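coords09.cif (mmCIF, C-alpha atoms and all ligand atoms) appears below.
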data_entry
loop_
_atom_site.group_PDB
_atom_site.id
_atom_site.type_symbol
_atom_site.label_atom_id
_atom_site.label_comp_id
_atom_site.auth_asym_id
_atom_site.auth_seq_id
_atom_site.Cartn_x
_atom_site.Cartn_y
_atom_site.Cartn_z
ATOM 1 C CA MET A 21 6.938 -15.415 7.446
ATOM 2 C CA ALA A 22 6.378 -11.876 6.227
ATOM 3 C CA HIS A 23 3.032 -10.162 6.635
ATOM 4 C CA THR A 24 2.099 -9.172 3.080
ATOM 5 C CA ILE A 25 -0.189 -6.124 2.988
ATOM 6 C CA ALA A 26 -1.743 -4.728 -0.201
ATOM 7 C CA PHE A 27 -2.999 -1.128 -0.304
ATOM 8 C CA ALA A 28 -5.759 -1.246 -2.870
ATOM 9 C CA PHE A 29 -8.893 0.635 -3.853
ATOM 10 C CA ASN A 30 -10.597 1.094 -7.174
ATOM 11 C CA LYS A 31 -10.533 4.894 -6.976
ATOM 12 C CA GLY A 32 -7.753 7.312 -7.730
ATOM 13 C CA GLY A 33 -6.265 9.934 -5.446
ATOM 14 C CA VAL A 34 -7.595 8.522 -2.172
ATOM 15 C CA GLY A 35 -4.254 8.053 -0.362
ATOM 16 C CA LYS A 36 -3.090 4.533 -1.298
ATOM 17 C CA THR A 37 0.465 5.565 -2.136
ATOM 18 C CA THR A 38 0.764 8.022 0.754
ATOM 19 C CA SER A 39 -0.475 5.377 3.205
ATOM 20 C CA ALA A 40 1.662 2.533 1.804
ATOM 21 C CA VAL A 41 4.873 4.597 1.770
ATOM 22 C CA SER A 42 4.266 6.239 5.168
ATOM 23 C CA LEU A 43 3.416 2.966 6.918
ATOM 24 C CA ALA A 44 6.381 1.195 5.296
ATOM 25 C CA VAL A 45 8.731 3.929 6.520
ATOM 26 C CA SER A 46 7.125 3.983 9.968
ATOM 27 C CA LEU A 47 7.538 0.194 10.333
ATOM 28 C CA GLN A 48 11.129 0.394 9.048
ATOM 29 C CA ARG A 49 11.894 3.021 11.694
ATOM 30 C CA MET A 50 10.605 0.620 14.348
ATOM 31 C CA GLY A 51 13.221 -1.898 13.210
ATOM 32 C CA TYR A 52 11.287 -4.116 10.826
ATOM 33 C CA LYS A 53 12.723 -5.351 7.549
ATOM 34 C CA ILE A 54 10.499 -4.163 4.699
ATOM 35 C CA LEU A 55 10.087 -5.056 1.038
ATOM 36 C CA PHE A 56 8.033 -2.429 -0.805
ATOM 37 C CA ILE A 57 6.516 -3.373 -4.174
ATOM 38 C CA ASP A 58 5.175 -0.651 -6.454
ATOM 39 C CA MET A 59 2.479 -2.250 -8.632
ATOM 40 C CA ASP A 60 1.261 1.051 -10.111
ATOM 41 C CA PRO A 61 2.434 2.121 -13.604
ATOM 42 C CA GLN A 62 2.152 5.739 -12.391
ATOM 43 C CA ALA A 63 5.126 4.764 -10.173
ATOM 44 C CA ASN A 64 4.307 7.421 -7.573
ATOM 45 C CA SER A 65 5.807 5.481 -4.690
ATOM 46 C CA THR A 66 8.909 4.635 -6.745
ATOM 47 C CA MET A 67 9.351 8.391 -7.270
ATOM 48 C CA ASN A 68 8.560 9.146 -3.625
ATOM 49 C CA PHE A 69 11.456 6.843 -2.697
ATOM 50 C CA GLY A 70 13.690 8.953 -4.954
ATOM 51 C CA PHE A 71 13.802 6.999 -8.248
ATOM 52 C CA SER A 72 12.752 7.901 -11.776
ATOM 53 C CA ASN A 73 9.667 6.267 -13.296
ATOM 54 C CA LYS A 74 11.092 6.259 -16.816
ATOM 55 C CA GLY A 75 13.909 4.777 -18.857
ATOM 56 C CA ASN A 76 15.227 1.250 -18.887
ATOM 57 C CA LEU A 77 14.614 0.614 -15.224
ATOM 58 C CA LYS A 78 14.321 -3.054 -14.271
ATOM 59 C CA HIS A 79 10.771 -2.863 -12.964
ATOM 60 C CA VAL A 80 8.325 -5.273 -11.399
ATOM 61 C CA GLY A 81 6.318 -5.600 -14.656
ATOM 62 C CA ARG A 82 9.330 -6.950 -16.526
ATOM 63 C CA MET A 83 10.221 -9.166 -13.574
ATOM 64 C CA MET A 84 6.689 -10.649 -13.710
ATOM 65 C CA LEU A 85 7.215 -11.446 -17.397
ATOM 66 C CA GLY A 86 10.364 -13.381 -16.508
ATOM 67 C CA GLU A 87 12.848 -10.862 -17.958
ATOM 68 C CA PHE A 88 14.860 -10.541 -14.727
ATOM 69 C CA PRO A 89 15.200 -12.565 -11.532
ATOM 70 C CA ILE A 90 13.518 -10.836 -8.594
ATOM 71 C CA GLN A 91 16.854 -10.382 -6.775
ATOM 72 C CA ASP A 92 18.179 -8.339 -9.724
ATOM 73 C CA ILE A 93 15.570 -5.580 -9.599
ATOM 74 C CA ILE A 94 15.671 -4.697 -5.900
ATOM 75 C CA LEU A 95 16.608 -1.083 -5.162
ATOM 76 C CA GLN A 96 17.261 0.394 -1.739
ATOM 77 C CA SER A 97 16.046 3.606 -0.171
ATOM 78 C CA ARG A 98 15.578 4.651 3.454
ATOM 79 C CA GLY A 99 16.609 1.173 4.629
ATOM 80 C CA ILE A 100 13.760 -0.358 2.601
ATOM 81 C CA ASP A 101 14.117 -2.825 -0.275
ATOM 82 C CA ILE A 102 12.016 -1.685 -3.237
ATOM 83 C CA LEU A 103 10.722 -3.428 -6.328
ATOM 84 C CA PRO A 104 10.118 -0.355 -8.515
ATOM 85 C CA ALA A 105 7.418 0.407 -11.078
ATOM 86 C CA SER A 106 7.762 2.255 -14.363
ATOM 87 C CA ASP A 107 5.357 3.925 -16.777
ATOM 88 C CA GLU A 108 6.238 1.102 -19.177
ATOM 89 C CA MET A 109 3.940 -1.017 -17.006
ATOM 90 C CA PHE A 110 0.890 0.621 -18.607
ATOM 91 C CA ASP A 111 1.709 -1.525 -21.661
ATOM 92 C CA LYS A 112 3.126 -4.502 -19.764
ATOM 93 C CA GLN A 113 -0.136 -4.807 -17.807
ATOM 94 C CA ARG A 114 -1.948 -5.845 -20.995
ATOM 95 C CA GLU A 115 0.768 -8.326 -21.867
ATOM 96 C CA ILE A 116 0.710 -9.816 -18.374
ATOM 97 C CA GLY A 117 -3.101 -10.001 -18.370
ATOM 98 C CA SER A 118 -3.101 -11.938 -21.658
ATOM 99 C CA LYS A 119 -0.898 -14.764 -20.340
ATOM 100 C CA HIS A 120 -2.200 -18.041 -18.968
ATOM 101 C CA LEU A 121 -2.519 -18.076 -15.148
ATOM 102 C CA SER A 122 -0.950 -14.613 -15.000
ATOM 103 C CA HIS A 123 -2.709 -13.801 -11.719
ATOM 104 C CA THR A 124 -0.125 -15.838 -9.786
ATOM 105 C CA PHE A 125 3.019 -14.409 -11.461
ATOM 106 C CA LEU A 126 3.938 -11.999 -8.663
ATOM 107 C CA ASN A 127 3.186 -14.485 -5.902
ATOM 108 C CA ASP A 128 5.296 -17.177 -7.556
ATOM 109 C CA TYR A 129 8.361 -14.919 -7.819
ATOM 110 C CA LEU A 130 7.815 -13.359 -4.395
ATOM 111 C CA ASP A 131 7.922 -16.753 -2.698
ATOM 112 C CA ALA A 132 11.680 -16.897 -3.429
ATOM 113 C CA ILE A 133 12.449 -13.940 -1.121
ATOM 114 C CA ARG A 134 9.406 -13.381 1.097
ATOM 115 C CA ASP A 135 10.987 -15.036 4.129
ATOM 116 C CA GLN A 136 13.756 -12.434 4.252
ATOM 117 C CA TYR A 137 11.259 -9.755 5.350
ATOM 118 C CA ASP A 138 8.976 -8.910 8.251
ATOM 119 C CA PHE A 139 6.556 -6.997 6.004
ATOM 120 C CA VAL A 140 5.910 -6.881 2.277
ATOM 121 C CA ILE A 141 3.965 -3.726 1.362
ATOM 122 C CA LEU A 142 2.217 -3.486 -2.020
ATOM 123 C CA ASP A 143 1.001 -0.204 -3.520
ATOM 124 C CA CYS A 144 -1.688 -0.873 -6.152
ATOM 125 C CA PRO A 145 -2.992 1.190 -9.086
ATOM 126 C CA PRO A 146 -6.541 2.618 -8.919
ATOM 127 C CA SER A 147 -8.115 -0.259 -10.815
ATOM 128 C CA LEU A 148 -8.973 -3.910 -10.331
ATOM 129 C CA GLU A 149 -7.028 -5.168 -13.353
ATOM 130 C CA ALA A 150 -4.116 -7.609 -13.676
ATOM 131 C CA LEU A 151 -1.570 -5.767 -11.527
ATOM 132 C CA THR A 152 -3.970 -5.282 -8.609
ATOM 133 C CA VAL A 153 -5.203 -8.863 -8.925
ATOM 134 C CA ASN A 154 -1.590 -10.083 -8.750
ATOM 135 C CA ALA A 155 -1.066 -8.024 -5.587
ATOM 136 C CA LEU A 156 -4.221 -9.441 -3.986
ATOM 137 C CA VAL A 157 -3.210 -13.001 -4.865
ATOM 138 C CA ALA A 158 0.206 -12.431 -3.245
ATOM 139 C CA ALA A 159 -1.179 -10.666 -0.140
ATOM 140 C CA ASP A 160 -2.496 -11.967 3.151
ATOM 141 C CA GLN A 161 -3.965 -8.592 4.201
ATOM 142 C CA VAL A 162 -5.719 -5.833 2.271
ATOM 143 C CA ILE A 163 -6.127 -2.261 3.441
ATOM 144 C CA CYS A 164 -8.380 0.100 1.467
ATOM 145 C CA PRO A 165 -7.501 3.784 1.839
ATOM 146 C CA LEU A 166 -10.384 6.110 0.988
ATOM 147 C CA ILE A 167 -11.633 9.641 1.472
ATOM 148 C CA LEU A 168 -15.058 10.314 2.890
ATOM 149 C CA GLU A 169 -15.767 12.959 0.267
ATOM 150 C CA SER A 170 -15.840 10.395 -2.494
ATOM 151 C CA PHE A 171 -17.695 7.901 -0.380
ATOM 152 C CA ASP A 172 -19.334 5.627 -2.878
ATOM 153 C CA MET A 173 -20.960 2.415 -1.709
ATOM 154 C CA LYS A 174 -20.907 1.066 -5.229
ATOM 155 C CA GLY A 175 -17.128 1.445 -5.454
ATOM 156 C CA ILE A 176 -16.664 -0.182 -2.059
ATOM 157 C CA GLU A 177 -19.021 -3.026 -2.932
ATOM 158 C CA LYS A 178 -17.050 -3.742 -6.090
ATOM 159 C CA MET A 179 -13.785 -3.746 -4.159
ATOM 160 C CA ILE A 180 -15.150 -6.075 -1.470
ATOM 161 C CA GLN A 181 -16.674 -8.365 -4.108
ATOM 162 C CA THR A 182 -13.261 -8.610 -5.807
ATOM 163 C CA LEU A 183 -11.652 -9.521 -2.470
ATOM 164 C CA LEU A 184 -14.291 -12.194 -1.849
ATOM 165 C CA ASP A 185 -13.828 -13.624 -5.362
ATOM 166 C CA ILE A 186 -10.058 -13.789 -4.997
ATOM 167 C CA ARG A 187 -10.382 -15.361 -1.551
ATOM 168 C CA LYS A 188 -12.828 -17.960 -2.836
ATOM 169 C CA LYS A 189 -11.067 -18.843 -6.071
ATOM 170 C CA VAL A 190 -7.349 -18.296 -5.544
ATOM 171 C CA ASN A 191 -6.143 -17.024 -2.187
ATOM 172 C CA PRO A 192 -8.067 -18.318 0.852
ATOM 173 C CA ASN A 193 -5.544 -16.543 3.139
ATOM 174 C CA LEU A 194 -6.635 -13.073 2.042
ATOM 175 C CA ASN A 195 -8.002 -11.013 4.927
ATOM 176 C CA PHE A 196 -9.607 -7.582 4.726
ATOM 177 C CA MET A 197 -7.959 -5.583 7.522
ATOM 178 C CA GLY A 198 -10.000 -2.440 6.979
ATOM 179 C CA PHE A 199 -10.267 1.100 5.633
ATOM 180 C CA ILE A 200 -7.885 3.993 6.247
ATOM 181 C CA VAL A 201 -9.716 7.307 6.133
ATOM 182 C CA CYS A 202 -7.268 9.732 4.484
ATOM 183 C CA LYS A 203 -7.366 13.536 4.229
ATOM 184 C CA SER A 204 -9.973 13.563 6.997
ATOM 185 C CA SER A 205 -9.631 17.062 8.520
ATOM 186 C CA ALA A 206 -11.935 19.323 6.511
ATOM 187 C CA ILE A 207 -14.525 16.702 5.619
ATOM 188 C CA MET A 208 -14.927 15.623 9.244
ATOM 189 C CA GLN A 209 -16.069 19.183 10.021
ATOM 190 C CA THR A 210 -19.031 18.667 7.694
ATOM 191 C CA LYS A 211 -22.314 16.842 8.170
ATOM 192 C CA LEU A 212 -21.645 14.802 5.027
ATOM 193 C CA GLY A 213 -18.297 13.566 6.322
ATOM 194 C CA LYS A 214 -19.748 12.562 9.697
ATOM 195 C CA LEU A 215 -22.669 10.772 8.040
ATOM 196 C CA ASN A 216 -20.398 8.941 5.616
ATOM 197 C CA LEU A 217 -18.151 7.774 8.460
ATOM 198 C CA GLU A 218 -21.169 6.568 10.458
ATOM 199 C CA ASP A 219 -22.471 4.750 7.410
ATOM 200 C CA LEU A 220 -19.106 3.106 6.750
ATOM 201 C CA GLU A 221 -18.788 1.962 10.370
ATOM 202 C CA ALA A 222 -22.357 0.631 10.434
ATOM 203 C CA THR A 223 -21.799 -1.347 7.234
ATOM 204 C CA PHE A 224 -18.320 -2.606 8.179
ATOM 205 C CA PRO A 225 -18.141 -2.801 11.992
ATOM 206 C CA ASP A 226 -14.574 -2.579 13.386
ATOM 207 C CA LYS A 227 -13.142 -2.103 9.914
ATOM 208 C CA VAL A 228 -12.413 1.615 10.019
ATOM 209 C CA LEU A 229 -8.817 1.724 11.204
ATOM 210 C CA ARG A 230 -7.764 4.343 13.737
ATOM 211 C CA PRO A 231 -6.599 7.000 13.794
ATOM 212 C CA LEU A 232 -8.135 8.751 10.800
ATOM 213 C CA ILE A 233 -5.336 10.480 8.874
ATOM 214 C CA ARG A 234 -5.557 14.229 9.135
ATOM 215 C CA THR A 235 -4.956 16.537 6.176
ATOM 216 C CA ALA A 236 -1.823 18.670 5.959
ATOM 217 C CA VAL A 237 0.075 20.354 3.171
ATOM 218 C CA THR A 238 3.217 18.637 4.489
ATOM 219 C CA VAL A 239 2.101 15.471 2.620
ATOM 220 C CA PRO A 240 2.145 16.893 -0.948
ATOM 221 C CA GLU A 241 5.110 19.085 -0.005
ATOM 222 C CA SER A 242 7.183 16.102 1.104
ATOM 223 C CA GLN A 243 6.241 14.159 -2.043
ATOM 224 C CA ASN A 244 7.186 17.145 -4.171
ATOM 225 C CA GLU A 245 10.602 17.194 -2.490
ATOM 226 C CA GLY A 246 11.077 13.429 -2.989
ATOM 227 C CA MET A 247 11.090 12.934 0.776
ATOM 228 C CA THR A 248 9.048 10.876 3.170
ATOM 229 C CA ILE A 249 6.709 12.681 5.543
ATOM 230 C CA PHE A 250 8.966 11.681 8.456
ATOM 231 C CA GLU A 251 11.990 13.377 6.889
ATOM 232 C CA TRP A 252 10.067 16.480 5.801
ATOM 233 C CA ALA A 253 7.814 17.107 8.801
ATOM 234 C CA ALA A 254 8.086 14.406 11.462
ATOM 235 C CA GLU A 255 5.867 16.324 13.895
ATOM 236 C CA SER A 256 3.116 17.114 11.388
ATOM 237 C CA LYS A 257 -0.320 15.625 11.960
ATOM 238 C CA PRO A 258 -0.226 13.024 9.144
ATOM 239 C CA ALA A 259 3.225 11.791 10.301
ATOM 240 C CA LEU A 260 1.954 11.353 13.878
ATOM 241 C CA ASP A 261 -1.221 9.670 12.610
ATOM 242 C CA TYR A 262 0.642 7.201 10.385
ATOM 243 C CA ASP A 263 3.029 6.314 13.236
ATOM 244 C CA GLN A 264 0.083 5.579 15.531
ATOM 245 C CA LEU A 265 -1.690 3.647 12.773
ATOM 246 C CA ALA A 266 1.443 1.523 12.264
ATOM 247 C CA LYS A 267 1.387 0.632 15.979
ATOM 248 C CA ASN A 268 -2.314 -0.242 15.779
ATOM 249 C CA ILE A 269 -1.689 -2.447 12.742
ATOM 250 C CA LEU A 270 1.010 -4.331 14.689
ATOM 251 C CA GLN A 271 -1.591 -4.977 17.395
ATOM 252 C CA ILE A 272 -4.184 -6.159 14.887
ATOM 253 C CA LEU A 273 -1.606 -8.552 13.424
ATOM 254 C CA ASN A 274 -0.616 -9.705 16.916
ATOM 255 C CA VAL A 275 2.986 -8.713 16.342
ATOM 256 C CA THR A 276 4.142 -8.532 19.950
ATOM 257 C CA SER A 277 6.830 -6.258 21.344
ATOM 258 C CA HIS A 278 8.837 -9.430 22.072
ATOM 259 C CA GLU A 279 8.715 -10.317 18.395
ATOM 260 C CA GLN A 280 9.524 -6.703 17.603
ATOM 261 C CA SER A 281 12.682 -6.678 19.731
ATOM 262 C CA LEU A 282 13.730 -9.991 18.216
ATOM 263 C CA GLN A 283 13.292 -8.547 14.750
ATOM 264 C CA THR A 284 15.260 -5.443 15.668
ATOM 265 C CA ASN A 285 18.119 -7.571 16.964
ATOM 266 C CA THR A 286 18.015 -9.852 13.949
ATOM 267 C CA HIS A 287 18.169 -6.991 11.499
ATOM 268 C CA ALA A 288 20.500 -4.699 13.405
HETATM 269 N N1 LIG B 301 -3.120 13.413 4.710
HETATM 270 C C1 LIG B 301 -3.001 14.137 3.577
HETATM 271 N N2 LIG B 301 -3.005 15.479 3.625
HETATM 272 C C2 LIG B 301 -2.886 16.227 2.488
HETATM 273 N N3 LIG B 301 -2.774 15.713 1.262
HETATM 274 C C3 LIG B 301 -2.754 14.361 1.142
HETATM 275 C C4 LIG B 301 -2.877 13.504 2.290
HETATM 276 N N4 LIG B 301 -2.842 12.213 1.853
HETATM 277 C C5 LIG B 301 -2.704 12.264 0.513
HETATM 278 N N5 LIG B 301 -2.665 13.552 0.079
HETATM 279 C C6 LIG B 301 -2.521 14.024 -1.317
HETATM 280 O O1 LIG B 301 -3.579 13.497 -2.076
HETATM 281 C C7 LIG B 301 -3.135 13.138 -3.388
HETATM 282 C C8 LIG B 301 -3.466 11.676 -3.642
HETATM 283 O O2 LIG B 301 -2.739 10.889 -2.719
HETATM 284 P P1 LIG B 301 -2.083 9.514 -3.170
HETATM 285 O O3 LIG B 301 -1.199 9.707 -4.347
HETATM 286 O O4 LIG B 301 -1.511 8.879 -1.966
HETATM 287 O O5 LIG B 301 -3.406 8.715 -3.633
HETATM 288 P P2 LIG B 301 -3.518 7.365 -4.468
HETATM 289 O O6 LIG B 301 -4.764 6.708 -4.010
HETATM 290 O O7 LIG B 301 -2.270 6.596 -4.371
HETATM 291 O O8 LIG B 301 -3.688 7.920 -5.945
HETATM 292 P P3 LIG B 301 -3.623 7.042 -7.305
HETATM 293 O O9 LIG B 301 -4.874 6.239 -7.328
HETATM 294 O O10 LIG B 301 -3.560 8.055 -8.394
HETATM 295 O O11 LIG B 301 -2.407 6.186 -7.222
HETATM 296 C C9 LIG B 301 -1.626 13.439 -3.428
HETATM 297 O O12 LIG B 301 -1.437 14.694 -4.031
HETATM 298 C C10 LIG B 301 -1.234 13.514 -1.959
HETATM 299 O O13 LIG B 301 -0.175 14.419 -1.725
HETATM 300 MG MG MG B 302 -1.012 5.834 -5.868
#
Starting from the file, give its structure as structure tokens.
Amino acid sequence: MAHTIAFAFNKGGVGKTTSAVSLAVSLQRMGYKILFIDMDPQANSTMNFGFSNKGNLKHVGRMMLGEFPIQDIILQSRGIDILPASDEMFDKQREIGSKHLSHTFLNDYLDAIRDQYDFVILDCPPSLEALTVNALVAADQVICPLILESFDMKGIEKMIQTLLDIRKKVNPNLNFMGFIVCKSSAIMQTKLGKLNLEDLEATFPDKVLRPLIRTAVTVPESQNEGMTIFEWAAESKPALDYDQLAKNILQILNVTSHEQSLQTNTHA
């Protein structure tokens, strides 16, 4: 059964897409079979994987409205299967949200193919509306990327409250894995950054995932070139950090090296 991990936070520009794409690619390079689902109408991860976010693309929003079978919209890039997003999903989100029991749409369709993967990775938009709710209903793990600069207990409280609500009402299997601190380099040199990290760790013990992801221009550069960080600058600090984080996540999920070698053989 695939581990289904949603990258979600109700703030923009904190590193959700960068973390979801980088960890998906890192896990794929270790031999795991990955399905990546872009739930964000901005379609940044779809573009980062080399596809357009416009036109008559068969995207996950239309799939959720029953327009296409899930198998028909899968694209491939870097050895990863991708359910793409499109800017048309800004409108589709309203339509989806207005339908009865729409919060389970993604999960219902995903169940048809979930078993074919080791990991399903979901990149969410910076809101807690229908598309994010669908991702959280389909997920068994949530990771919240954030930056210490914009540390905002109110935002975090709202996110955690949403997770608790979804766990209580719809998806009892939902587990909060933790926070990824993104773009950490400059802020960790400041008193504010250190205080915010201490505060976060005191409030959520053992929930700040390691390592923190260091800042480097190689991240926006690689995205600008339509490449992953591992293709653009494999030895850069964020690439090394995401690789180590991927290994730590495998440990947290108790994915053993035995299981890993089995998966590699299975998918070779
Ligand atoms: N480690 C890093 N070093 C330097 N820049 C980074 C790093 N991580 C992310 N960025 C940059 O920060 C910006 C926001 O990152 P990203 O798009 O991943 O955030 P997001 O949370 O997905 O945003 P949105 O909420 O708009 O979807 C991007 O320009 C990205 O290139
Ligand atoms: Mg994003």
On this structure, which residues satisfy the PyMOL selection byres (((chain A and resi 231) around 9) and not hetatm), written as a list in words?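 Output of the PyMOL selection byres (((chain A and resi 231) around 9) and not hetatm): Ile200, Val201, Val228, Leu229, Arg230, Leu232, Ile233, Arg234, Asp261, Tyr262, Gln264, Leu265 and Asn268 of chain A.
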Excluding range 111-118 of chain A and residues on its chain fewer than 5 positions from it, collect all residues at most 12 Å away from it, counting only C-alpha atoms, and give them as an MDAnalysis selection string. chainID A and resid 59:62 79:87 105:106 123:126 145 147:154
Using 7 Å as the limit and counting all atoms listed in the file, can you tabulate each residue of chain A that touches ligand LIG 301 (chain B), with its shortest atom-to-atom distance in Å and the two atoms involved, as a Markdown table?
| residue | atom | partner | partner_atom | distance |
| --- | --- | --- | --- | --- |
| A:Lys31 | CA | B:LIG301 | O9 | 5.8 |
| A:Gly32 | CA | B:LIG301 | O9 | 3.1 |
| A:Gly33 | CA | B:LIG301 | O8 | 3.3 |
| A:Val34 | CA | B:LIG301 | O6 | 3.8 |
| A:Gly35 | CA | B:LIG301 | O4 | 3.3 |
| A:Lys36 | CA | B:LIG301 | O7 | 3.8 |
| A:Thr37 | CA | B:LIG301 | O7 | 3.7 |
| A:Thr38 | CA | B:LIG301 | O4 | 3.6 |
| A:Ser39 | CA | B:LIG301 | O4 | 6.3 |
| A:Asp60 | CA | B:LIG301 | O11 | 6.9 |
| A:Gln62 | CA | B:LIG301 | O11 | 6.9 |
| A:Asn64 | CA | B:LIG301 | O3 | 6.8 |
| A:Pro145 | CA | B:LIG301 | O11 | 5.4 |
| A:Pro146 | CA | B:LIG301 | O9 | 4.3 |
| A:Cys202 | CA | B:LIG301 | N1 | 5.6 |
| A:Lys203 | CA | B:LIG301 | N1 | 4.3 |
| A:Ile233 | CA | B:LIG301 | N1 | 5.6 |
| A:Arg234 | CA | B:LIG301 | N1 | 5.1 |
| A:Thr235 | CA | B:LIG301 | N2 | 3.4 |
| A:Ala236 | CA | B:LIG301 | N2 | 4.1 |
| A:Val237 | CA | B:LIG301 | C2 | 5.1 |
| A:Thr238 | CA | B:LIG301 | C2 | 6.9 |
| A:Val239 | CA | B:LIG301 | O13 | 5.0 |
| A:Pro240 | CA | B:LIG301 | O13 | 3.5 |
| A:Gln243 | CA | B:LIG301 | O13 | 6.4 |
| A:Pro258 | CA | B:LIG301 | N1 | 5.3 |
Find the residues near Ile269 in chain A: any atom within 12 Å, counting only C-alpha atoms, skip ones fewer than 3 places away on the same chain, and give them as number ranges by chain. A: 23, 25, 43-44, 46-47, 139, 161-163, 197-200, 227-231, 262-266, 272-276
Report as a list in words the full result of the PyMOL selection byres (((chain A and resi 72) around 12) and not hetatm) when it is applied to this structure. Pro61, Gln62, Ala63, Asn64, Ser65, Thr66, Met67, Asn68, Phe69, Gly70, Phe71, Asn73, Lys74, Gly75, Asn76, Leu77, Lys78, His79, Leu95, Pro104, Ala105, Ser106, Asp107, Glu108 and Gly246 of chain A
Could you tell me which of A:Asp160, A:Glu177, A:Glu241, A:Glu169 comes closest to Leu217 in chain A if we count all atoms listed in the file?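 Closest to Leu217 in chain A, using all atoms listed in the file: A:Glu169.
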Expand the PyMOL selection byres (((chain A and resi 193) around 10) and not hetatm) into the individual residues it matches in the shown file, reporting them as a PyMOL selection string. chain A and resi 157-161+186-188+190-192+194-196
Just the number, please: distance in Å from CA of Gln96 in chain A to CA of Gln48 in chain A, one decimal.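 Taking CA of Gln96 in chain A and CA of Gln48 in chain A, their separation equals 12.4 Å.
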Measuring atom to atom with all atoms listed in the file, identify which of A:Gln136, A:Gln209, A:Thr24, A:Asn30 is nearest to ligand MG 302 (chain B).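 Closest residue, counting all atoms listed in the file: A:Asn30.
CA of Ile93 in chain A to CA of Leu270 in chain A spans 28.3 Å [interatomic distance, one decimal].
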For ligand MG 302 (chain B), which residue out of A:Leu260, A:Val45, A:Leu142, A:Leu121 is the nearest one, using all atoms listed in the file?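 Under the stated criterion, the closest residue is A:Leu142.
Relative to CA of Ser204 in chain A, CA of Met179 in chain A is found at 20.9 Å.
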For range 156-170 of chain A, supply N, CA and C atoms and report the output as an mmCIF file, keeping the file's coordinate frame.
data_model
loop_
_atom_site.group_PDB
_atom_site.id
_atom_site.type_symbol
_atom_site.label_atom_id
_atom_site.label_comp_id
_atom_site.auth_asym_id
_atom_site.auth_seq_id
_atom_site.Cartn_x
_atom_site.Cartn_y
_atom_site.Cartn_z
ATOM 1 N N LEU A 156 -3.263 -8.828 -4.915
ATOM 2 C CA LEU A 156 -4.221 -9.441 -3.986
ATOM 3 C C LEU A 156 -4.021 -10.953 -3.878
ATOM 4 N N VAL A 157 -3.508 -11.560 -4.919
ATOM 5 C CA VAL A 157 -3.210 -13.001 -4.865
ATOM 6 C C VAL A 157 -1.967 -13.240 -4.004
ATOM 7 N N ALA A 158 -1.031 -12.280 -4.025
ATOM 8 C CA ALA A 158 0.206 -12.431 -3.245
ATOM 9 C C ALA A 158 0.029 -12.026 -1.781
ATOM 10 N N ALA A 159 -1.039 -11.274 -1.470
ATOM 11 C CA ALA A 159 -1.179 -10.666 -0.140
ATOM 12 C C ALA A 159 -1.879 -11.591 0.853
ATOM 13 N N ASP A 160 -1.634 -11.329 2.148
ATOM 14 C CA ASP A 160 -2.496 -11.967 3.151
ATOM 15 C C ASP A 160 -3.382 -10.940 3.858
ATOM 16 N N GLN A 161 -3.125 -9.651 3.627
ATOM 17 C CA GLN A 161 -3.965 -8.592 4.201
ATOM 18 C C GLN A 161 -4.211 -7.526 3.141
ATOM 19 N N VAL A 162 -5.417 -6.973 3.147
ATOM 20 C CA VAL A 162 -5.719 -5.833 2.271
ATOM 21 C C VAL A 162 -6.188 -4.670 3.121
ATOM 22 N N ILE A 163 -5.649 -3.493 2.818
ATOM 23 C CA ILE A 163 -6.127 -2.261 3.441
ATOM 24 C C ILE A 163 -6.628 -1.365 2.315
ATOM 25 N N CYS A 164 -7.815 -0.800 2.488
ATOM 26 C CA CYS A 164 -8.380 0.100 1.467
ATOM 27 C C CYS A 164 -8.369 1.537 1.982
ATOM 28 N N PRO A 165 -7.444 2.364 1.505
ATOM 29 C CA PRO A 165 -7.501 3.784 1.839
ATOM 30 C C PRO A 165 -8.644 4.438 1.061
ATOM 31 N N LEU A 166 -9.327 5.382 1.698
ATOM 32 C CA LEU A 166 -10.384 6.110 0.988
ATOM 33 C C LEU A 166 -10.551 7.486 1.599
ATOM 34 N N ILE A 167 -11.296 8.337 0.902
ATOM 35 C CA ILE A 167 -11.633 9.641 1.472
ATOM 36 C C ILE A 167 -13.148 9.730 1.576
ATOM 37 N N LEU A 168 -13.617 10.320 2.638
ATOM 38 C CA LEU A 168 -15.058 10.314 2.890
ATOM 39 C C LEU A 168 -15.811 11.181 1.887
ATOM 40 N N GLU A 169 -15.130 12.108 1.281
ATOM 41 C CA GLU A 169 -15.767 12.959 0.267
ATOM 42 C C GLU A 169 -16.292 12.128 -0.895
ATOM 43 N N SER A 170 -15.487 11.162 -1.310
ATOM 44 C CA SER A 170 -15.840 10.395 -2.494
ATOM 45 C C SER A 170 -16.519 9.096 -2.079
#
